[in-house]
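Scroll down for the structure; my scribbles are underneath it.
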Amino acid sequence: MIKVHHLNNSRSHRVLWLLEEIGAPYEIVHYKRDAVTRLAPPELKKIHPLGKSPVVTDGDRVVAESGAIIEYLTKTHGKKTKLWPEDFGPHWIAHTHWMHFAEGSAMLPFLMALYASLLGENAAPLRPRIESEIANHLAYMEGALAKQDYFAGPDFTAADIQMSFVLEVADNSGRLKDLPRLAALIKRLRDRPAYKRAIEKGGPLELMRR
Ligand SMILES: N[C@@H](CCC(=O)N[C@@H](CS)C(=O)NCC(=O)O)C(=O)O
């Protein structure tokens, strides 16, 4: 049985959503962030040494890191879906790119913005660079949707699920106001029944402003 080690208000929502899209049976093990530090509880380290969420266990297998989890689950339990474009097919490279771009590039300046906000005025010299990096990434993402409805092409894929957390964080900080294609995409994604079921089961996605 697939077990999703789910931290409230976190990237783990993507994994619940993916499993709802696939229709695979799974169990949720809930973990709650510390009210002050917002860190995960120490019990998560018993599942994976990083102590972060999402983590998925499937029998003896332990899979950490959202992109790896999404690839693992789609390839093992979601073969009947069209969520993963075929290797070497027309949407393969774009799909691979966005699967990696989400955590490898797009989230970095958002994390820096979060840490800068904790530092207050001491982080003032860093802010212009952080904001220009966020704007650069978001403009690139907006441009990618000029001729297609989804990141990897005309169809909804696992890359949209992986990229959704970037959109959630950007929207939560009011940064999608002048980016109509990204704003329309996050609305379409949130309207998907599987997205809504993941929220019902995992709880609302209430993120920190950054
Ligand atoms: N790049 C990792 C990031 C994992 C991560 O940082 N998860 C956050 C939740 S969104 C977490 O567990 N934070 C709690 C903590 O660091 O203690 C992934 O995509 O899985």
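By convention in this document, the chains of the structure tokens carry letters A, B, ... by their order, each chain's residues are numbered from 1, and ligands are numbered from 1 in the order they are shown.
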
Practice task
Please write out the residues within 6 Å of ligand 1 as a PyMOL selection string, counting only C-alpha atoms and all ligand atoms.
Solution key: chain A and resi 10-11+39-40+52-54+65-66+103

Exercise for the section: Step one, run DSSP on the backbone; step two, keep only residues of range 3-200 of chain A assigned to alpha helix (DSSP H); then write them as a VMD selection string. Expected result: chain A and resid 12 to 22 66 to 77 92 to 101 107 to 119 127 to 144 158 to 172 180 to 190 193 to 200

Problem - Residues flagged strand (DSSP E or B) by DSSP in range 19-152 of chain A, as a list in words - result: Tyr26, Glu27, Ile28, Val29, His30, Tyr31, Val55, Val56, Thr57, Asp58, Arg61, Val62, Val63, Ala64 and Tyr150 of chain A

Problem - Atom pair CA of Glu131 in chain A / CA of Ala116 in chain A: separation (Å) - result: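 CA of Ala116 in chain A lies at a distance of 11.1 Å from CA of Glu131 in chain A.
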
Exercise for the section: Determine, counting only C-alpha atoms, which protein, DNA and RNA residues have an atom within 9 Å of an atom of Pro109 in chain A; residues of the same chain fewer than 2 positions away are not included. Present the result as a list in words. Expected result: Ser105, Ala106, Met107, Leu111, Met112, Ala113, Leu114, Arg129, Ile130, Glu131, Glu133 and Ile134 of chain A

Mind dumping a table of every range 150-193 of chain A residue within 12 Å of range 19-23 of chain A, with the nearest atom pair and its distance in Å to one decimal, using only C-alpha atoms, sorted by chain and rising number, as CSV?
residue,atom,partner,partner_atom,distance
A:Phe156,CA,A:Glu21,CA,10.8
A:Thr157,CA,A:Glu21,CA,10.2
A:Ala158,CA,A:Glu21,CA,9.6
A:Ile161,CA,A:Glu21,CA,10.0
A:Leu189,CA,A:Glu21,CA,11.6
A:Arg192,CA,A:Glu21,CA,9.1
A:Pro193,CA,A:Glu21,CA,8.6

Problem - Near-Arg190 in chain A list (12 Å; only C-alpha atoms; drop same-chain fewer than 2 positions) as a PyMOL selection string - result: chain A and resi 13-14+17+160-161+164-165+167-168+183-188+192-199+204-205

Next, dump the selected residues to file, keeping only N, CA and C atoms, as a CSV table (one decimal), in the first residue's frame.
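See part_19.csv below for the written result:
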chain,number,residue,atom,x,y,z
A,13,HIS,N,0.9,18.2,-0.9
A,13,HIS,CA,-0.4,18.3,-1.6
A,13,HIS,C,-0.3,17.8,-3.0
A,14,ARG,N,0.8,18.1,-3.7
A,14,ARG,CA,1.0,17.7,-5.1
A,14,ARG,C,0.9,16.2,-5.2
A,17,TRP,N,-2.7,15.0,-4.8
A,17,TRP,CA,-3.4,15.3,-6.1
A,17,TRP,C,-3.0,14.4,-7.2
A,160,ASP,N,2.6,19.7,-14.8
A,160,ASP,CA,1.7,20.8,-14.3
A,160,ASP,C,1.5,20.6,-12.8
A,161,ILE,N,1.5,19.4,-12.4
A,161,ILE,CA,1.3,19.1,-10.9
A,161,ILE,C,2.6,19.5,-10.2
A,164,SER,N,2.8,23.3,-10.1
A,164,SER,CA,1.7,23.9,-9.4
A,164,SER,C,2.1,24.6,-8.1
A,165,PHE,N,3.1,24.0,-7.4
A,165,PHE,CA,3.5,24.6,-6.1
A,165,PHE,C,4.1,26.0,-6.3
A,167,LEU,N,3.3,28.0,-8.7
A,167,LEU,CA,2.1,28.9,-9.0
A,167,LEU,C,1.4,29.3,-7.7
A,168,GLU,N,1.3,28.3,-6.8
A,168,GLU,CA,0.6,28.5,-5.5
A,168,GLU,C,1.4,29.6,-4.7
A,183,ALA,N,-2.2,33.0,-14.1
A,183,ALA,CA,-3.3,33.1,-13.2
A,183,ALA,C,-4.5,32.2,-13.7
A,184,ALA,N,-4.6,32.1,-15.0
A,184,ALA,CA,-5.7,31.3,-15.6
A,184,ALA,C,-5.4,29.8,-15.4
A,185,LEU,N,-4.1,29.5,-15.5
A,185,LEU,CA,-3.7,28.1,-15.3
A,185,LEU,C,-3.9,27.6,-13.9
A,186,ILE,N,-3.5,28.4,-12.9
A,186,ILE,CA,-3.7,27.9,-11.5
A,186,ILE,C,-5.2,27.8,-11.2
A,187,LYS,N,-6.0,28.6,-11.8
A,187,LYS,CA,-7.4,28.5,-11.6
A,187,LYS,C,-8.0,27.2,-12.2
A,188,ARG,N,-7.5,26.9,-13.4
A,188,ARG,CA,-8.0,25.6,-14.1
A,188,ARG,C,-7.5,24.4,-13.3
A,192,ARG,N,-9.8,21.3,-10.9
A,192,ARG,CA,-9.9,19.9,-11.2
A,192,ARG,C,-10.4,19.1,-10.0
A,193,PRO,N,-11.3,18.2,-10.3
A,193,PRO,CA,-11.9,17.4,-9.1
A,193,PRO,C,-10.8,16.7,-8.3
A,194,ALA,N,-9.8,16.2,-8.9
A,194,ALA,CA,-8.7,15.5,-8.2
A,194,ALA,C,-8.0,16.4,-7.3
A,195,TYR,N,-7.7,17.7,-7.7
A,195,TYR,CA,-7.1,18.7,-6.9
A,195,TYR,C,-7.9,18.9,-5.6
A,196,LYS,N,-9.3,19.1,-5.9
A,196,LYS,CA,-10.2,19.4,-4.8
A,196,LYS,C,-10.2,18.2,-3.8
A,197,ARG,N,-10.2,17.0,-4.3
A,197,ARG,CA,-10.3,15.8,-3.4
A,197,ARG,C,-9.0,15.8,-2.5
A,198,ALA,N,-7.9,16.2,-3.1
A,198,ALA,CA,-6.6,16.2,-2.4
A,198,ALA,C,-6.7,17.2,-1.2
A,199,ILE,N,-7.3,18.3,-1.5
A,199,ILE,CA,-7.5,19.3,-0.4
A,199,ILE,C,-8.4,18.8,0.7
A,204,PRO,N,-6.4,22.2,3.8
A,204,PRO,CA,-6.1,23.4,2.9
A,204,PRO,C,-4.7,23.7,2.7
A,205,LEU,N,-4.4,24.4,1.7
A,205,LEU,CA,-3.0,24.8,1.4
A,205,LEU,C,-2.8,26.3,1.8

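Between CA of His5 in chain A and CA of Leu118 in chain A the separation is 27.1 Å.
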
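Among the candidates A:Gly78, A:Leu16, A:Ile93, A:Leu108, the one nearest to Phe151 in chain A when counting only C-alpha atoms is A:Ile93.
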
Problem - Selected residue of minimal separation from Ile70 in chain A among A:Ala35, A:Met163, A:Ile28, A:Leu145, counting only C-alpha atoms - result: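 Comparing A:Ala35, A:Met163, A:Ile28, A:Leu145 against Ile70 in chain A, the winner is A:Met163.
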
Problem - Glu43 in chain A environment, 12 Å, only C-alpha atoms, sequence neighbours closer than 2 positions dropped, as a list in words - result: His5, His6, Leu7, Val29, His30, Tyr31, Lys32, Arg33, Leu39, Ala40, Pro41, Lys45, Lys46, Ile47, His48, Pro49, Leu50, Gly51, Lys52 and Ser53 of chain A

Could the residues in this selection be saved with N, CA and C atoms as a short mmCIF file (atom, residue, chain, number, x, y, z; two decimals), in the first residue's frame?
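For reference, selection_25.cif as written:
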data_model
loop_
_atom_site.label_atom_id
_atom_site.label_comp_id
_atom_site.auth_asym_id
_atom_site.auth_seq_id
_atom_site.Cartn_x
_atom_site.Cartn_y
_atom_site.Cartn_z
N HIS A 5 3.49 10.41 3.42
CA HIS A 5 3.82 11.07 4.69
C HIS A 5 3.63 12.56 4.45
N HIS A 6 2.48 13.02 4.89
CA HIS A 6 1.95 14.32 4.46
C HIS A 6 2.06 15.36 5.56
N LEU A 7 2.77 16.43 5.25
CA LEU A 7 2.89 17.57 6.17
C LEU A 7 1.83 18.59 5.76
N VAL A 29 -0.44 9.50 6.05
CA VAL A 29 0.04 9.61 7.43
C VAL A 29 0.27 11.10 7.66
N HIS A 30 -0.48 11.67 8.58
CA HIS A 30 -0.45 13.13 8.77
C HIS A 30 0.66 13.56 9.74
N TYR A 31 1.33 14.65 9.40
CA TYR A 31 2.33 15.28 10.27
C TYR A 31 1.99 16.76 10.34
N LYS A 32 2.21 17.37 11.51
CA LYS A 32 1.82 18.77 11.67
C LYS A 32 3.05 19.64 11.87
N ARG A 33 3.08 20.75 11.15
CA ARG A 33 4.19 21.70 11.31
C ARG A 33 4.18 22.28 12.73
N LEU A 39 8.56 24.11 11.14
CA LEU A 39 9.32 22.94 10.72
C LEU A 39 8.49 21.67 10.90
N ALA A 40 8.91 20.62 10.19
CA ALA A 40 8.22 19.32 10.32
C ALA A 40 8.57 18.71 11.67
N PRO A 41 7.68 17.85 12.23
CA PRO A 41 8.02 17.21 13.50
C PRO A 41 9.13 16.18 13.32
N LYS A 45 11.77 12.17 10.43
CA LYS A 45 13.15 11.67 10.21
C LYS A 45 13.23 10.16 10.35
N LYS A 46 12.22 9.57 10.99
CA LYS A 46 12.23 8.10 11.10
C LYS A 46 11.88 7.48 9.75
N ILE A 47 11.22 8.26 8.88
CA ILE A 47 10.82 7.73 7.57
C ILE A 47 11.93 7.99 6.55
N HIS A 48 12.53 9.20 6.62
CA HIS A 48 13.61 9.56 5.69
C HIS A 48 14.53 10.53 6.43
N PRO A 49 15.87 10.36 6.29
CA PRO A 49 16.80 11.16 7.11
C PRO A 49 16.65 12.67 6.95
N LEU A 50 16.13 13.16 5.83
CA LEU A 50 15.99 14.61 5.69
C LEU A 50 14.87 15.17 6.57
N GLY A 51 13.90 14.34 6.88
CA GLY A 51 12.80 14.80 7.74
C GLY A 51 11.89 15.80 7.06
N LYS A 52 11.81 15.74 5.72
CA LYS A 52 10.97 16.68 4.98
C LYS A 52 9.83 15.94 4.30
N SER A 53 8.86 16.70 3.88
CA SER A 53 7.71 16.13 3.21
C SER A 53 7.58 16.78 1.84
#

Problem - Nearest to Arg38 in chain A by atom-to-atom distance, counting only C-alpha atoms, from A:Val63, A:Ser132, A:Asn8, A:Glu121 - result: A:Asn8

Problem - Residues within 10 Å of His97 in chain A, only C-alpha atoms, excluding chain neighbours under 4 positions, as an MDAnalysis selection string - result: chainID A and resid 92:93 101:102 104 151:152 159

Handout entry: Computed interatomic separation between CA of Leu73 in chain A and CA of Asp60 in chain A (Å)
Key = 14.4 Å

Problem - Pick from A:Lys82, A:His77, A:Arg181, A:His100 nearest to Gln148 in chain A, counting only C-alpha atoms - result: A:Arg181

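Counting only C-alpha atoms and comparing A:Leu44, A:Leu138, A:Ile2, A:Ala68, the residue that lies closest to Pro25 in chain A is A:Ile2.
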
Tell me, as a CSV table (one decimal) with N, CA and C atoms, in the first residue's frame, which residues lie within 12 Å of Ala135 in chain A, counting only C-alpha atoms; anything in the same chain fewer than 5 positions away does not count.
chain,number,residue,atom,x,y,z
A,106,ALA,N,12.9,27.4,-10.1
A,106,ALA,CA,11.9,28.4,-9.8
A,106,ALA,C,11.7,28.6,-8.3
A,109,PRO,N,14.5,31.4,-5.6
A,109,PRO,CA,14.4,32.7,-5.2
A,109,PRO,C,13.2,32.9,-4.2
A,110,PHE,N,12.2,32.0,-4.3
A,110,PHE,CA,11.0,32.1,-3.4
A,110,PHE,C,11.5,31.7,-2.0
A,128,PRO,N,16.4,43.3,-4.0
A,128,PRO,CA,16.2,43.6,-5.4
A,128,PRO,C,16.6,42.4,-6.3
A,129,ARG,N,17.7,41.7,-5.9
A,129,ARG,CA,18.1,40.6,-6.7
A,129,ARG,C,17.1,39.4,-6.6
A,130,ILE,N,16.6,39.2,-5.4
A,130,ILE,CA,15.7,38.1,-5.3
A,130,ILE,C,14.4,38.4,-6.1
A,140,TYR,N,9.2,34.0,-17.7
A,140,TYR,CA,9.6,32.8,-18.6
A,140,TYR,C,8.4,31.8,-18.6
A,141,MET,N,7.9,31.6,-17.4
A,141,MET,CA,6.7,30.6,-17.3
A,141,MET,C,5.5,31.2,-18.1
A,142,GLU,N,5.2,32.4,-17.9
A,142,GLU,CA,4.1,33.1,-18.6
A,142,GLU,C,4.3,32.9,-20.1
A,170,ALA,N,3.5,31.8,-5.8
A,170,ALA,CA,3.5,33.1,-6.5
A,170,ALA,C,2.2,33.8,-6.3
A,175,ARG,N,1.9,37.7,-6.8
A,175,ARG,CA,2.8,37.9,-7.9
A,175,ARG,C,2.2,37.4,-9.3
A,176,LEU,N,1.0,36.9,-9.3
A,176,LEU,CA,0.4,36.5,-10.6
A,176,LEU,C,-0.5,37.6,-11.1
A,178,ASP,N,-0.2,40.4,-12.7
A,178,ASP,CA,0.0,40.8,-14.1
A,178,ASP,C,0.4,39.7,-15.1
A,179,LEU,N,0.1,38.5,-14.7
A,179,LEU,CA,0.5,37.3,-15.5
A,179,LEU,C,-0.7,36.5,-15.8
